[in-house]
Amino acid sequence: MTTLKHFFSPKTVAVIGASREKGKVGHDIVKNLVQYGYQGTIYPVNPKAEDIVGLRTYANLKDIRDTIDMAIIVVPARYVVKIVDECAEKKIDSIVVISAGFKESGIEGAIREKELCQKITRHAIRLLGPNCLGLIDTQSCLNASFAADMPERGNIAFFSQSGALCTAILDWAVVECVGFSKFVSMGNKADINEVDLINAMYEDENTKVILGYLEGVKNGKDFIATTGKITKKKPLIVVKSGGTAAGSKAASSHTGTLAGSERAFDAAFKQSGVIRANTIEQLFDYARMFSFQQLPKGARVALITNAGGPGIIATDAIERSALKMAEFSKDTIEILRHFLPPMANVYNPIDVLGDAKSDRYRLVIENVIKDPNVDAILAILTPQAMTEIEKTAEAICEIAGYADKTIATSFMGGKRIESALKIMCQRKVPNYPFPERAIYAIEAMYQYTLWQSKPAPETKNFIVRKERVSAIFTQMKQKEAAYLSEEDAKQVISTYGFTIPKSIIAASETGAVKAAEEMGYPVVMKISSPDILHKSDIGGVIIGVKNEQEVRICFSDIMQKARRHMPEADLKGIMVQQMITGGRELVLGVSHEPQFGHLIMFGLGGIYVEALKDVTFRIAPVGINEAREMIQEIRAFPLLKGVRGEKSVDIDAIVENILRLSQLVKDFPEIIEMDINPLVVFPKGDGAIAIDVRIAVNASAAKRGN
């Protein structure tokens, strides 16, 4: 079975482990199925009971003559696998395992869960859980969970790795009038995972918005491929928790140090159109806006307020966002000036003054909504003595009912606005207690419209000599080395089209002098050793060497420092390198993330890369426009474009180098870490040069022959 149909609209449900005792999970699940109007047939299974909540009880599955679409298992973990065998005999293809005691409980539980996975694979059964709250489908009135409430029917679908969070959100939703189409607790994700549920929610005609709480994803590449398609049609808003830098502790490169799971998830979300909410509060701030309102056609927002302070706060929020303050047409300004009191402000934000009643709000909103320069409206209200709070709410809801533009409100206060909040809640006009929260929700909608119109990534393949790189990696495997020598690393990137400076390895002072004179002074001299990764840290790099005498002194000095600091290192000699002057120092890098694959880094380079951390990431393969976005995202981008008469650097050359790096790691997945630092980029048209490169390879995987 490829769909999850029997989970959301089963005709028959068996609850194995149903209980007579109130307060037990097995009792509450049966009670919820009955209490909230599920129209299918329910079969409680308990050999020690005759009936539960008025339903006939069966000793086991074999006693049930009917076909069972879905089984809910609520027995101790040690019995679950046996029950799954019984489900297979009954030809049940959809199972929810509520029971805990699996991989979340330790080694023994992990072994039990592995056996469970093997069983369902053998029997072609789909499984939700184990260790989960269950699921709810409001369309079929199915509450197959032990939650205390049944949410209202709505167009929001929600999935979560945390069952406890599910119960809290359900309780909150009852108060906030938020309705759901589907509500699913994933538990341990032994089988059904976030990708399965996102697909099911995408295909559900009753779902307009998909929400999720994730601590991790099971298959990063599948996640990106799936979400990249569905977000073109339906918004997917996710809270991702559990971020950690632990994965970068063992990293030796700049990229490895700066990367980590959070960077990977940020990149994955950007590349697949997932809207990231930073908090649960923000998740539902966004959800209400997407659920209740239509998408804005642009970024221009009109503010209407009866208090100056909140209007300024909202204006500041707009200025900090991707939105813009709308500039009203002359006709709109004239109408407002004619009808509003002389003290009122007719420009954006419109201050209707503290004595504004509902008719003043109505007049302003009706006229502003017609302005072609306005894409969205935020109406702010603070409760004052003369304010008609409920009437104003009614007026706004009436306009929102026919308007073809986004409308949100920020009625600020507590007790005095409770009645108005109920009105707006019932009429599906989103209200926010603080105006900045409303602005950020509108911004999320606007950013989503940009994603929807964004073309598919356009990749570029360069003609390269892959066999040369394959040969280098094969040699590494034979040597069981983890890092390429600098010479080999430069040959790898040179083969893939990077420009590198001229360099010669010298084993003696005389050889170094000859090399320097051959390429011309000044030169750079640095230690050549596959064991010394950070050469500058031990004094292994000297720049600006100007003559023969300095070459001889520097050769001796560098070799002595290398032997003193790393006596076991394999010293190949001194690399004499062409000295490159001018240009901007940037960094390109790669790290390998277990869930998503290769993470490409771009940013400000040189010796300050880790201190300034002005970098951005994407998951390979990277498209042309994605490479340009990376360049524009760093804080130093204005410097690259040129300031105070400076010329722009060669942006096209940076884009090409990012694309070449992306192709390299796609062709050779055994690369696990890589830095090109600095990548010196020159003025427009003059290209870029990779000065230094470091490549770490999973030697056991370096066996390609393509």
# chains A, B, ... in the order shown; residues from 1 in each chain; ligands from 1
>>> select_by_dssp(residues="stretch 312-374 of chain A", states="strand (DSSP E)", output="PyMOL selection string")
chain A and resi 324-325+350-351
>>> write_last_selection(atoms="N, CA, C and O atoms", output="PDB file, in the first residue's frame")
ATOM      1  N   LYS A 324       7.461  46.595   2.558  1.00  0.00           N
ATOM      2  CA  LYS A 324       7.632  48.032   2.326  1.00  0.00           C
ATOM      3  C   LYS A 324       6.407  48.781   2.840  1.00  0.00           C
ATOM      4  O   LYS A 324       5.295  48.251   2.829  1.00  0.00           O
ATOM      5  N   MET A 325       6.637  49.994   3.279  1.00  0.00           N
ATOM      6  CA  MET A 325       5.517  50.863   3.637  1.00  0.00           C
ATOM      7  C   MET A 325       4.850  51.335   2.341  1.00  0.00           C
ATOM      8  O   MET A 325       5.496  51.889   1.454  1.00  0.00           O
ATOM      9  N   ILE A 350      -1.470  55.539   8.884  1.00  0.00           N
ATOM     10  CA  ILE A 350      -2.633  56.415   9.069  1.00  0.00           C
ATOM     11  C   ILE A 350      -3.022  56.399  10.543  1.00  0.00           C
ATOM     12  O   ILE A 350      -3.315  55.347  11.106  1.00  0.00           O
ATOM     13  N   ASP A 351      -3.010  57.569  11.160  1.00  0.00           N
ATOM     14  CA  ASP A 351      -3.417  57.688  12.566  1.00  0.00           C
ATOM     15  C   ASP A 351      -4.841  58.227  12.593  1.00  0.00           C
ATOM     16  O   ASP A 351      -5.078  59.404  12.299  1.00  0.00           O
TER      17      ASP A 351
END
>>> residues_around(residues="A:Lys454", least_positions_apart="5", cutoff="10 Å", atoms="only C-alpha atoms", output="PyMOL selection string")
chain A and resi 232+273+448-449+625
>>> closest_residue(among="A:Lys208, A:Lys270, A:Arg552, A:His6", to="A:Leu450", atoms="only C-alpha atoms")
A:Lys270
>>> closest_residue(among="A:Pro44, A:Pro669, A:Gly401, A:Gly37", to="A:Gly17", atoms="only C-alpha atoms")
A:Pro44
>>> closest_residue(among="A:Lys391, A:Lys477, A:Lys22, A:Lys11", to="A:Tyr38", atoms="only C-alpha atoms")
A:Lys11
